[in-house]
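Trainee: Have a look at this one before I ask anything.
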Amino acid sequence: MLQAPVRFELIKRCSQTEARRGRLFTPHGVIETPVFMPVGTQATVKTMAPWELEELGAGIILSNTYHLHLRPGEDVVARAGGLHGFMQWKGAVLTDSGGFQVFSLASLRKITDEGVRFRSHIDGSPRFFSPETVMAIENALGADIIMQLDECPPYGATRSYLETSLQRTLAWAKRCKAAHARPEDQALFGIVQGGEHLDLRRRAVEELAELDLPGYAIGGLSVGEPKPLMYEILGHVAPLMPRDKPRYLMGVGSPDDLLEGVERGVDMFDCVLPTRIARNGTVFTSAGKVVMKHAKYREDFGPIDPACSCRVCRTFSRAYIRHLLKADEILGVRLTTYHNVHFLLNLMREIRKSIEEDRFLAFKREFYDRYGYTSE
Ligand SMILES: CNc1nc2cc3c(=O)[nH]c(N)nc3c(CCN)c2[nH]1
Ligand SMILES: [Zn+2]
């Protein structure tokens with residue numbers, strides 16, 4: 001059996017919840033879990049240089065197969081030394097497989113058991129993703145963790161649609177495993193689908209577990225469903241997943257989602273939220289979100305967050321950052337992004353520490369009291 005490229009080690013379990021503290025050994029470093037993964041869709045976490053991500057302690061970032069296949073093309077990235085060489089990023093990388101992006105970005109999509117036909121959102125050129133073509137792209141991009149091609153059904157899909165879609169995604173998982181050319185240095189993760197039907201989710205977990213993959217994701221969530229429903233599904237599905245393998249909740253999330261996900265046994269998260277809201281001037285703070293362009297910060301010479309230790313909060317005032325944002329100065333969104341990424345990475349550090357000291361629930365309550373439990 002090939003030495004798995006990614007190995008997961010459970011360090012400590014919370015005595016009151018499903019929360020767990022782990023360690024993910026990858027070819028590009030050890031990732032402490034639970035972990036938040038900043039999203040770098042087009043081989044860059046928008047506005048941030050790799051050394052800034054490094055100084056913030058980011059261990060792993062995401063990139064997207066769909067986008068990089070369309071531009072610049074996986075052949076260019078491969079010749080640059082894969083994503084790590086192209087981006088000059090020393091940490092780990094995870095690539096999503098493109099299924100989700102095809103449905104959120106491409107046009108004229110047609111999905112069959114064979115794969116999904118679509119037209120590029122950039123130039124309208126006809127494209128085709130199948131488990132085999134996606135594995136070839138992800139093998140060329142060279143990420144440490146690669147996702148199977150899956151279908152993320154829309155929220156509210158009928159049960160019969162969900163059943164058909166799940167069968168397809170499970171068949172695609174097997175085809176991805178068979179087509180994966182670099183299992184010795186790229187870990188293929190399966191994706192659990194099934195909507196809000198726990199019997200379908202259970203079937204997905206059982207069939208994927210038989211493939212003995214190095215890790216598993218929970219897909220099909222954070223697609224518009226009410227948060228309580230997401231949390232309920234999570235509460236049932238995460239504990240069903242192999243205990244000794246990492247559990248990755250795709251596309252999540254805001255501070256409260258991270259806490260609720262950790263409580264239910266999730267180890268890995270990714271979300272565009274911190275970088276996306278930063279670009280329109282909204283920042284996370286320990287007392288809740290702050291809209292920096294608001295007039296009330298015009299002469300506020302304090303930091304974004306007095307409780308934040310990041311370099312932005314130690315250097316600049318809200319008044320200055322508000323001015324930059326109002327004046328459309330690029331430094332403005334760089335500073336809000338830097339702070340927001342620090343905020344989530346720091347939250348995960350505090351969560352990991354609270355699990356180590358077996359006081360996760362107390363930490364969560366303290367965080368909500370200051371943050372004000374609000375939906376994101
Ligand atoms: C923002 N909400 C969200 N839900 C997702 C579900 C899937 C999902 O079910 N499958 C895949 N492959 N990706 C997903 C993503 C993209 C994660 N970067 C999701 N994002
Ligand atoms: Zn800060």
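Just remember, in the structure tokens the first chain shown is A, the second B, etc., residues are 1-based per chain, and ligands are 1-based in the order shown.
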At a cut-off of 8 Å, can you tabulate as JSON lines every residue of chain A near ligand 1 together with its closest atom pair and the distance in Å to one decimal, using only C-alpha atoms and all ligand atoms and ordering rows by chain then number?

Mentor:
{"residue": "A:Val39", "atom": "CA", "partner": "ligand 1", "partner_atom_place_in_ligand_line": "18 (N)", "distance": 7.2}
{"residue": "A:Leu62", "atom": "CA", "partner": "ligand 1", "partner_atom_place_in_ligand_line": "18 (N)", "distance": 7.4}
{"residue": "A:Asn64", "atom": "CA", "partner": "ligand 1", "partner_atom_place_in_ligand_line": "18 (N)", "distance": 7.8}
{"residue": "A:Asp96", "atom": "CA", "partner": "ligand 1", "partner_atom_place_in_ligand_line": "12 (N)", "distance": 5.5}
{"residue": "A:Ser97", "atom": "CA", "partner": "ligand 1", "partner_atom_place_in_ligand_line": "12 (N)", "distance": 5.5}
{"residue": "A:Gly98", "atom": "CA", "partner": "ligand 1", "partner_atom_place_in_ligand_line": "12 (N)", "distance": 6.2}
{"residue": "A:Gly99", "atom": "CA", "partner": "ligand 1", "partner_atom_place_in_ligand_line": "12 (N)", "distance": 5.4}
{"residue": "A:Phe100", "atom": "CA", "partner": "ligand 1", "partner_atom_place_in_ligand_line": "13 (N)", "distance": 4.7}
{"residue": "A:Gln101", "atom": "CA", "partner": "ligand 1", "partner_atom_place_in_ligand_line": "16 (C)", "distance": 7.0}
{"residue": "A:Met147", "atom": "CA", "partner": "ligand 1", "partner_atom_place_in_ligand_line": "12 (N)", "distance": 6.6}
{"residue": "A:Gln148", "atom": "CA", "partner": "ligand 1", "partner_atom_place_in_ligand_line": "12 (N)", "distance": 7.2}
{"residue": "A:Leu149", "atom": "CA", "partner": "ligand 1", "partner_atom_place_in_ligand_line": "12 (N)", "distance": 6.6}
{"residue": "A:Asp150", "atom": "CA", "partner": "ligand 1", "partner_atom_place_in_ligand_line": "12 (N)", "distance": 5.8}
{"residue": "A:Glu151", "atom": "CA", "partner": "ligand 1", "partner_atom_place_in_ligand_line": "10 (N)", "distance": 6.5}
{"residue": "A:Cys152", "atom": "CA", "partner": "ligand 1", "partner_atom_place_in_ligand_line": "9 (O)", "distance": 4.1}
{"residue": "A:Pro153", "atom": "CA", "partner": "ligand 1", "partner_atom_place_in_ligand_line": "9 (O)", "distance": 7.4}
{"residue": "A:Ile191", "atom": "CA", "partner": "ligand 1", "partner_atom_place_in_ligand_line": "10 (N)", "distance": 6.8}
{"residue": "A:Val192", "atom": "CA", "partner": "ligand 1", "partner_atom_place_in_ligand_line": "9 (O)", "distance": 7.8}
{"residue": "A:Gln193", "atom": "CA", "partner": "ligand 1", "partner_atom_place_in_ligand_line": "9 (O)", "distance": 6.7}
{"residue": "A:Ile218", "atom": "CA", "partner": "ligand 1", "partner_atom_place_in_ligand_line": "9 (O)", "distance": 6.9}
{"residue": "A:Gly219", "atom": "CA", "partner": "ligand 1", "partner_atom_place_in_ligand_line": "9 (O)", "distance": 3.2}
{"residue": "A:Gly220", "atom": "CA", "partner": "ligand 1", "partner_atom_place_in_ligand_line": "9 (O)", "distance": 3.8}
{"residue": "A:Leu221", "atom": "CA", "partner": "ligand 1", "partner_atom_place_in_ligand_line": "4 (N)", "distance": 5.1}
{"residue": "A:Ser222", "atom": "CA", "partner": "ligand 1", "partner_atom_place_in_ligand_line": "2 (N)", "distance": 4.3}
{"residue": "A:Val223", "atom": "CA", "partner": "ligand 1", "partner_atom_place_in_ligand_line": "4 (N)", "distance": 5.2}
{"residue": "A:Met250", "atom": "CA", "partner": "ligand 1", "partner_atom_place_in_ligand_line": "17 (C)", "distance": 4.6}
{"residue": "A:Gly251", "atom": "CA", "partner": "ligand 1", "partner_atom_place_in_ligand_line": "20 (N)", "distance": 3.4}
{"residue": "A:Val252", "atom": "CA", "partner": "ligand 1", "partner_atom_place_in_ligand_line": "2 (N)", "distance": 6.1}
{"residue": "A:Gly253", "atom": "CA", "partner": "ligand 1", "partner_atom_place_in_ligand_line": "1 (C)", "distance": 7.6}
{"residue": "A:Asp270", "atom": "CA", "partner": "ligand 1", "partner_atom_place_in_ligand_line": "18 (N)", "distance": 6.0}
{"residue": "A:Cys271", "atom": "CA", "partner": "ligand 1", "partner_atom_place_in_ligand_line": "18 (N)", "distance": 6.3}
{"residue": "A:Val272", "atom": "CA", "partner": "ligand 1", "partner_atom_place_in_ligand_line": "1 (C)", "distance": 7.3}

Trainee: Can you check which residues of stretch 103-260 of chain A DSSP gives as strand (DSSP E) on the backbone and send them as an mmCIF file with N, CA, C and O atoms, in the first residue's frame?

Mentor:
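What follows is the written file part-v3.cif:
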data_model
loop_
_atom_site.group_PDB
_atom_site.id
_atom_site.type_symbol
_atom_site.label_atom_id
_atom_site.label_comp_id
_atom_site.auth_asym_id
_atom_site.auth_seq_id
_atom_site.Cartn_x
_atom_site.Cartn_y
_atom_site.Cartn_z
ATOM 1 N N SER A 107 -21.864 28.642 -17.866
ATOM 2 C CA SER A 107 -23.191 28.733 -18.484
ATOM 3 C C SER A 107 -23.436 27.462 -19.295
ATOM 4 O O SER A 107 -22.518 26.685 -19.538
ATOM 5 N N LEU A 108 -24.672 27.301 -19.698
ATOM 6 C CA LEU A 108 -25.035 26.176 -20.587
ATOM 7 C C LEU A 108 -24.459 24.868 -20.068
ATOM 8 O O LEU A 108 -23.645 24.221 -20.725
ATOM 9 N N ARG A 109 -24.826 24.517 -18.841
ATOM 10 C CA ARG A 109 -24.258 23.282 -18.275
ATOM 11 C C ARG A 109 -25.181 22.116 -18.560
ATOM 12 O O ARG A 109 -26.389 22.262 -18.570
ATOM 13 N N LYS A 110 -24.546 20.945 -18.834
ATOM 14 C CA LYS A 110 -25.363 19.743 -19.008
ATOM 15 C C LYS A 110 -24.675 18.639 -18.248
ATOM 16 O O LYS A 110 -23.520 18.309 -18.530
ATOM 17 N N ILE A 111 -25.353 18.092 -17.262
ATOM 18 C CA ILE A 111 -24.723 17.066 -16.440
ATOM 19 C C ILE A 111 -25.277 15.698 -16.809
ATOM 20 O O ILE A 111 -26.488 15.520 -16.986
ATOM 21 N N VAL A 116 -19.775 16.609 -16.852
ATOM 22 C CA VAL A 116 -20.572 17.830 -17.036
ATOM 23 C C VAL A 116 -19.985 18.671 -18.170
ATOM 24 O O VAL A 116 -18.774 18.950 -18.180
ATOM 25 N N ARG A 117 -20.859 18.980 -19.131
ATOM 26 C CA ARG A 117 -20.456 19.855 -20.246
ATOM 27 C C ARG A 117 -20.835 21.269 -19.855
ATOM 28 O O ARG A 117 -21.885 21.498 -19.254
ATOM 29 N N PHE A 118 -20.009 22.236 -20.192
ATOM 30 C CA PHE A 118 -20.327 23.624 -19.860
ATOM 31 C C PHE A 118 -19.554 24.555 -20.782
ATOM 32 O O PHE A 118 -18.670 24.100 -21.520
ATOM 33 N N ARG A 119 -19.925 25.802 -20.710
ATOM 34 C CA ARG A 119 -19.178 26.795 -21.479
ATOM 35 C C ARG A 119 -18.422 27.696 -20.496
ATOM 36 O O ARG A 119 -18.969 28.105 -19.470
ATOM 37 N N PRO A 126 -16.500 25.729 -25.229
ATOM 38 C CA PRO A 126 -17.100 24.494 -24.702
ATOM 39 C C PRO A 126 -16.061 23.681 -23.937
ATOM 40 O O PRO A 126 -14.931 23.505 -24.399
ATOM 41 N N ARG A 127 -16.433 23.198 -22.769
ATOM 42 C CA ARG A 127 -15.517 22.430 -21.917
ATOM 43 C C ARG A 127 -16.219 21.194 -21.408
ATOM 44 O O ARG A 127 -17.455 21.134 -21.426
ATOM 45 N N PHE A 128 -15.455 20.232 -20.888
ATOM 46 C CA PHE A 128 -16.051 18.998 -20.373
ATOM 47 C C PHE A 128 -15.271 18.513 -19.167
ATOM 48 O O PHE A 128 -14.059 18.286 -19.269
ATOM 49 N N PHE A 129 -15.950 18.413 -18.029
ATOM 50 C CA PHE A 129 -15.335 17.868 -16.819
ATOM 51 C C PHE A 129 -15.886 16.472 -16.567
ATOM 52 O O PHE A 129 -17.093 16.272 -16.490
ATOM 53 N N ILE A 145 -3.872 18.182 -1.343
ATOM 54 C CA ILE A 145 -5.181 17.542 -1.161
ATOM 55 C C ILE A 145 -6.035 17.917 -2.372
ATOM 56 O O ILE A 145 -6.097 19.098 -2.743
ATOM 57 N N ILE A 146 -6.636 16.911 -2.999
ATOM 58 C CA ILE A 146 -7.479 17.166 -4.184
ATOM 59 C C ILE A 146 -8.866 16.592 -3.942
ATOM 60 O O ILE A 146 -9.012 15.528 -3.331
ATOM 61 N N MET A 147 -9.866 17.323 -4.391
ATOM 62 C CA MET A 147 -11.253 16.892 -4.172
ATOM 63 C C MET A 147 -11.759 16.104 -5.366
ATOM 64 O O MET A 147 -11.376 16.377 -6.507
ATOM 65 N N ALA A 187 -3.390 13.681 -1.821
ATOM 66 C CA ALA A 187 -4.441 12.934 -1.118
ATOM 67 C C ALA A 187 -5.803 13.268 -1.709
ATOM 68 O O ALA A 187 -6.220 14.431 -1.710
ATOM 69 N N LEU A 188 -6.496 12.240 -2.218
ATOM 70 C CA LEU A 188 -7.838 12.431 -2.798
ATOM 71 C C LEU A 188 -8.886 12.311 -1.694
ATOM 72 O O LEU A 188 -8.937 11.296 -0.993
ATOM 73 N N PHE A 189 -9.681 13.374 -1.525
ATOM 74 C CA PHE A 189 -10.776 13.358 -0.548
ATOM 75 C C PHE A 189 -12.098 13.094 -1.260
ATOM 76 O O PHE A 189 -12.337 13.639 -2.356
ATOM 77 N N GLY A 190 -12.960 12.274 -0.642
ATOM 78 C CA GLY A 190 -14.318 12.057 -1.137
ATOM 79 C C GLY A 190 -15.230 13.142 -0.590
ATOM 80 O O GLY A 190 -14.871 13.836 0.374
ATOM 81 N N ILE A 191 -16.402 13.303 -1.205
ATOM 82 C CA ILE A 191 -17.358 14.338 -0.762
ATOM 83 C C ILE A 191 -18.718 13.696 -0.505
ATOM 84 O O ILE A 191 -19.299 13.079 -1.402
ATOM 85 N N VAL A 192 -19.209 13.874 0.725
ATOM 86 C CA VAL A 192 -20.498 13.314 1.135
ATOM 87 C C VAL A 192 -21.611 14.272 0.717
ATOM 88 O O VAL A 192 -21.626 15.430 1.115
ATOM 89 N N GLY A 215 -9.257 11.261 3.376
ATOM 90 C CA GLY A 215 -10.077 12.267 4.066
ATOM 91 C C GLY A 215 -11.413 12.405 3.352
ATOM 92 O O GLY A 215 -11.579 11.940 2.218
ATOM 93 N N TYR A 216 -12.349 13.043 4.053
ATOM 94 C CA TYR A 216 -13.708 13.160 3.502
ATOM 95 C C TYR A 216 -14.281 14.548 3.775
ATOM 96 O O TYR A 216 -14.046 15.107 4.849
ATOM 97 N N ALA A 217 -15.016 15.060 2.794
ATOM 98 C CA ALA A 217 -15.661 16.362 2.954
ATOM 99 C C ALA A 217 -17.162 16.188 3.063
ATOM 100 O O ALA A 217 -17.720 15.189 2.598
ATOM 101 N N ILE A 218 -17.782 17.166 3.701
ATOM 102 C CA ILE A 218 -19.248 17.246 3.730
ATOM 103 C C ILE A 218 -19.622 18.354 2.753
ATOM 104 O O ILE A 218 -19.231 19.515 2.940
ATOM 105 N N ARG A 247 -12.310 15.500 8.577
ATOM 106 C CA ARG A 247 -13.646 15.853 8.084
ATOM 107 C C ARG A 247 -13.620 17.333 7.682
ATOM 108 O O ARG A 247 -13.318 18.193 8.502
ATOM 109 N N TYR A 248 -13.963 17.582 6.415
ATOM 110 C CA TYR A 248 -13.828 18.925 5.830
ATOM 111 C C TYR A 248 -15.212 19.417 5.436
ATOM 112 O O TYR A 248 -15.858 18.834 4.579
ATOM 113 N N LEU A 249 -15.664 20.508 6.072
ATOM 114 C CA LEU A 249 -16.968 21.100 5.745
ATOM 115 C C LEU A 249 -16.741 22.189 4.706
ATOM 116 O O LEU A 249 -16.114 23.229 4.992
#

Trainee: Mind dumping a table of every stretch 177-245 of chain A residue within 9 Å of stretch 9-27 of chain A, with the nearest atom pair and its distance in Å to one decimal, using only C-alpha atoms, sorted by chain and rising number, as CSV?

Mentor:
residue,atom,partner,partner_atom,distance
A:Asp185,CA,A:Pro27,CA,7.1
A:Gln186,CA,A:Pro27,CA,8.5
A:Ala187,CA,A:Thr26,CA,8.8
A:Gly235,CA,A:Glu18,CA,8.8
A:Ala238,CA,A:Glu18,CA,8.7
A:Pro239,CA,A:Glu18,CA,7.4
A:Arg243,CA,A:Leu10,CA,8.6
A:Asp244,CA,A:Leu10,CA,6.9
A:Lys245,CA,A:Glu9,CA,8.1

Trainee: Please produce a file of the residues just selected, as an mmCIF file, in the first residue's frame, where the atoms kept are all heavy atoms.

Mentor:
data_model
loop_
_atom_site.group_PDB
_atom_site.id
_atom_site.type_symbol
_atom_site.label_atom_id
_atom_site.label_comp_id
_atom_site.auth_asym_id
_atom_site.auth_seq_id
_atom_site.Cartn_x
_atom_site.Cartn_y
_atom_site.Cartn_z
ATOM 1 N N ASP A 185 1.564 11.264 -3.588
ATOM 2 C CA ASP A 185 1.860 12.601 -3.023
ATOM 3 C C ASP A 185 0.707 13.584 -3.121
ATOM 4 O O ASP A 185 0.876 14.756 -2.784
ATOM 5 C CB ASP A 185 3.127 13.193 -3.634
ATOM 6 C CG ASP A 185 3.048 13.384 -5.134
ATOM 7 O OD1 ASP A 185 1.975 13.118 -5.707
ATOM 8 O OD2 ASP A 185 4.044 13.789 -5.718
ATOM 9 N N GLN A 186 -0.454 13.113 -3.535
ATOM 10 C CA GLN A 186 -1.656 13.976 -3.498
ATOM 11 C C GLN A 186 -2.792 13.155 -2.894
ATOM 12 O O GLN A 186 -3.121 12.077 -3.395
ATOM 13 C CB GLN A 186 -2.042 14.417 -4.919
ATOM 14 C CG GLN A 186 -1.065 15.388 -5.568
ATOM 15 C CD GLN A 186 -1.553 15.819 -6.950
ATOM 16 O OE1 GLN A 186 -1.424 15.065 -7.922
ATOM 17 N NE2 GLN A 186 -2.137 16.998 -7.022
ATOM 18 N N ALA A 187 -3.390 13.681 -1.821
ATOM 19 C CA ALA A 187 -4.441 12.934 -1.118
ATOM 20 C C ALA A 187 -5.803 13.268 -1.709
ATOM 21 O O ALA A 187 -6.220 14.431 -1.710
ATOM 22 C CB ALA A 187 -4.423 13.293 0.359
ATOM 23 N N GLY A 235 -24.762 17.744 12.647
ATOM 24 C CA GLY A 235 -24.791 17.002 13.916
ATOM 25 C C GLY A 235 -24.988 15.518 13.707
ATOM 26 O O GLY A 235 -24.466 14.695 14.456
ATOM 27 N N ALA A 238 -21.491 14.320 10.597
ATOM 28 C CA ALA A 238 -20.058 14.302 10.977
ATOM 29 C C ALA A 238 -19.702 13.087 11.833
ATOM 30 O O ALA A 238 -18.748 12.368 11.522
ATOM 31 C CB ALA A 238 -19.675 15.604 11.667
ATOM 32 N N PRO A 239 -20.475 12.808 12.893
ATOM 33 C CA PRO A 239 -20.100 11.653 13.728
ATOM 34 C C PRO A 239 -20.168 10.297 13.014
ATOM 35 O O PRO A 239 -19.598 9.325 13.454
ATOM 36 C CB PRO A 239 -21.121 11.710 14.879
ATOM 37 C CG PRO A 239 -21.596 13.115 14.911
ATOM 38 C CD PRO A 239 -21.614 13.556 13.469
ATOM 39 N N ARG A 243 -13.732 8.144 12.066
ATOM 40 C CA ARG A 243 -13.212 8.978 13.178
ATOM 41 C C ARG A 243 -11.731 9.318 12.960
ATOM 42 O O ARG A 243 -11.261 10.363 13.372
ATOM 43 C CB ARG A 243 -13.409 8.171 14.475
ATOM 44 C CG ARG A 243 -13.043 8.860 15.759
ATOM 45 C CD ARG A 243 -13.479 8.046 16.981
ATOM 46 N NE ARG A 243 -14.944 7.859 17.043
ATOM 47 C CZ ARG A 243 -15.799 8.837 17.401
ATOM 48 N NH1 ARG A 243 -15.327 10.022 17.708
ATOM 49 N NH2 ARG A 243 -17.090 8.627 17.419
ATOM 50 N N ASP A 244 -11.031 8.400 12.265
ATOM 51 C CA ASP A 244 -9.574 8.577 12.145
ATOM 52 C C ASP A 244 -9.176 9.339 10.871
ATOM 53 O O ASP A 244 -8.012 9.410 10.528
ATOM 54 C CB ASP A 244 -8.892 7.202 12.134
ATOM 55 C CG ASP A 244 -9.387 6.372 10.948
ATOM 56 O OD1 ASP A 244 -10.484 6.672 10.420
ATOM 57 O OD2 ASP A 244 -8.671 5.452 10.525
ATOM 58 N N LYS A 245 -10.168 9.877 10.174
ATOM 59 C CA LYS A 245 -9.880 10.633 8.947
ATOM 60 C C LYS A 245 -10.366 12.075 9.118
ATOM 61 O O LYS A 245 -11.371 12.311 9.814
ATOM 62 C CB LYS A 245 -10.591 10.011 7.735
ATOM 63 C CG LYS A 245 -10.258 8.539 7.446
ATOM 64 C CD LYS A 245 -8.900 8.374 6.844
ATOM 65 C CE LYS A 245 -8.536 6.925 6.516
ATOM 66 N NZ LYS A 245 -9.366 6.290 5.479
#

Trainee: List all protein, DNA and RNA residues that have at least one atom no more than 9 Å from any atom of ligand 2, counting only C-alpha atoms and all ligand atoms, and write them as a VMD selection string.

Mentor: chain A and resid 283 to 285 303 to 314 335 to 336 338 to 343

Trainee: Could you check how far atom CA of A:Met87 sits from atom CA of A:Ile31, in Å to one decimal?

Mentor: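 For atom CA of A:Met87 relative to atom CA of A:Ile31, the distance reads 19.0 Å.
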
Trainee: Would you mind listing what lies within 12 Å of A:Gly195 as JSON, numbers by chain, with only C-alpha atoms counted and same-chain residues fewer than 2 positions away left out?

Mentor: {"A": [151, 152, 153, 154, 155, 156, 157, 158, 159, 160, 161, 162, 163, 164, 165, 166, 192, 193, 197, 198, 199, 200, 201, 202, 203, 204, 218, 219, 220, 221, 222, 223, 224, 225, 229, 230, 232, 233, 234, 237]}

Trainee: Take atom CA of A:Leu68 and atom CA of A:Pro255 and report the distance between them in Å, one decimal.

Mentor: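 Calculated distance between atom CA of A:Leu68 and atom CA of A:Pro255 is 28.6 Å.
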
Trainee: Using only C-alpha atoms, pick whichever of A:Glu138, A:Glu263, A:Asp328, A:Asp300 has the shortest atom-to-atom distance to A:Tyr66.

Mentor: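 Going through A:Glu138, A:Glu263, A:Asp328, A:Asp300 one by one, the smallest distance to A:Tyr66 is for A:Glu138.
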
Trainee: Pull the closest atom pair for each residue of stretch 208-281 of chain A that gets at most 10 Å from stretch 355-364 of chain A, along with the distance in Å to one decimal, counting only C-alpha atoms, ordering rows by chain and then ascending residue number, as a tab-separated table.

Mentor:
residue	atom	partner	partner_atom	distance
A:Asp256	CA	A:Lys364	CA	8.8
A:Leu259	CA	A:Lys364	CA	6.7
A:Glu260	CA	A:Lys364	CA	8.8
A:Val262	CA	A:Phe360	CA	9.3
A:Glu263	CA	A:Leu361	CA	8.1

Trainee: Since we have the selection now, will you write its residues out, keeping N, CA and C atoms, as a short mmCIF file (atom, residue, chain, number, x, y, z; two decimals), in the first residue's frame?

Mentor:
data_model
loop_
_atom_site.label_atom_id
_atom_site.label_comp_id
_atom_site.auth_asym_id
_atom_site.auth_seq_id
_atom_site.Cartn_x
_atom_site.Cartn_y
_atom_site.Cartn_z
N ASP A 256 -19.44 32.10 13.79
CA ASP A 256 -20.37 31.19 14.50
C ASP A 256 -20.45 29.83 13.80
N LEU A 259 -17.48 27.75 14.90
CA LEU A 259 -17.66 27.21 16.26
C LEU A 259 -18.68 26.06 16.27
N GLU A 260 -19.79 26.26 15.56
CA GLU A 260 -20.83 25.21 15.53
C GLU A 260 -20.34 23.98 14.79
N VAL A 262 -17.10 22.99 14.53
CA VAL A 262 -16.11 22.30 15.39
C VAL A 262 -16.84 21.49 16.45
N GLU A 263 -17.87 22.09 17.03
CA GLU A 263 -18.62 21.41 18.11
C GLU A 263 -19.19 20.09 17.61
#

Trainee: Using DSSP on the backbone coordinates, identify the residues of stretch 90-154 of chain A assigned to alpha helix (DSSP H); present them as a PyMOL selection string.

Mentor: chain A and resi 99-105+131-141

Trainee: Between A:Val6, A:Val35, A:Leu70, A:Met268, single out the one closest to A:Ile351, counting only C-alpha atoms.

Mentor: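 Nearest candidate to A:Ile351 out of A:Val6, A:Val35, A:Leu70, A:Met268: A:Val35.
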
Trainee: Here is a test: counting only C-alpha atoms, which residue of A:Val134, A:Pro242, A:Tyr297, A:Ala78 is nearest to A:Glu206?

Mentor: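 Of the candidates, the smallest distance to A:Glu206 is held by A:Pro242.
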
Trainee: What separation in Å, quoted to one decimal, exists between atom CA of A:Pro226 and atom CA of A:Arg264?

Mentor: 16.8 Å
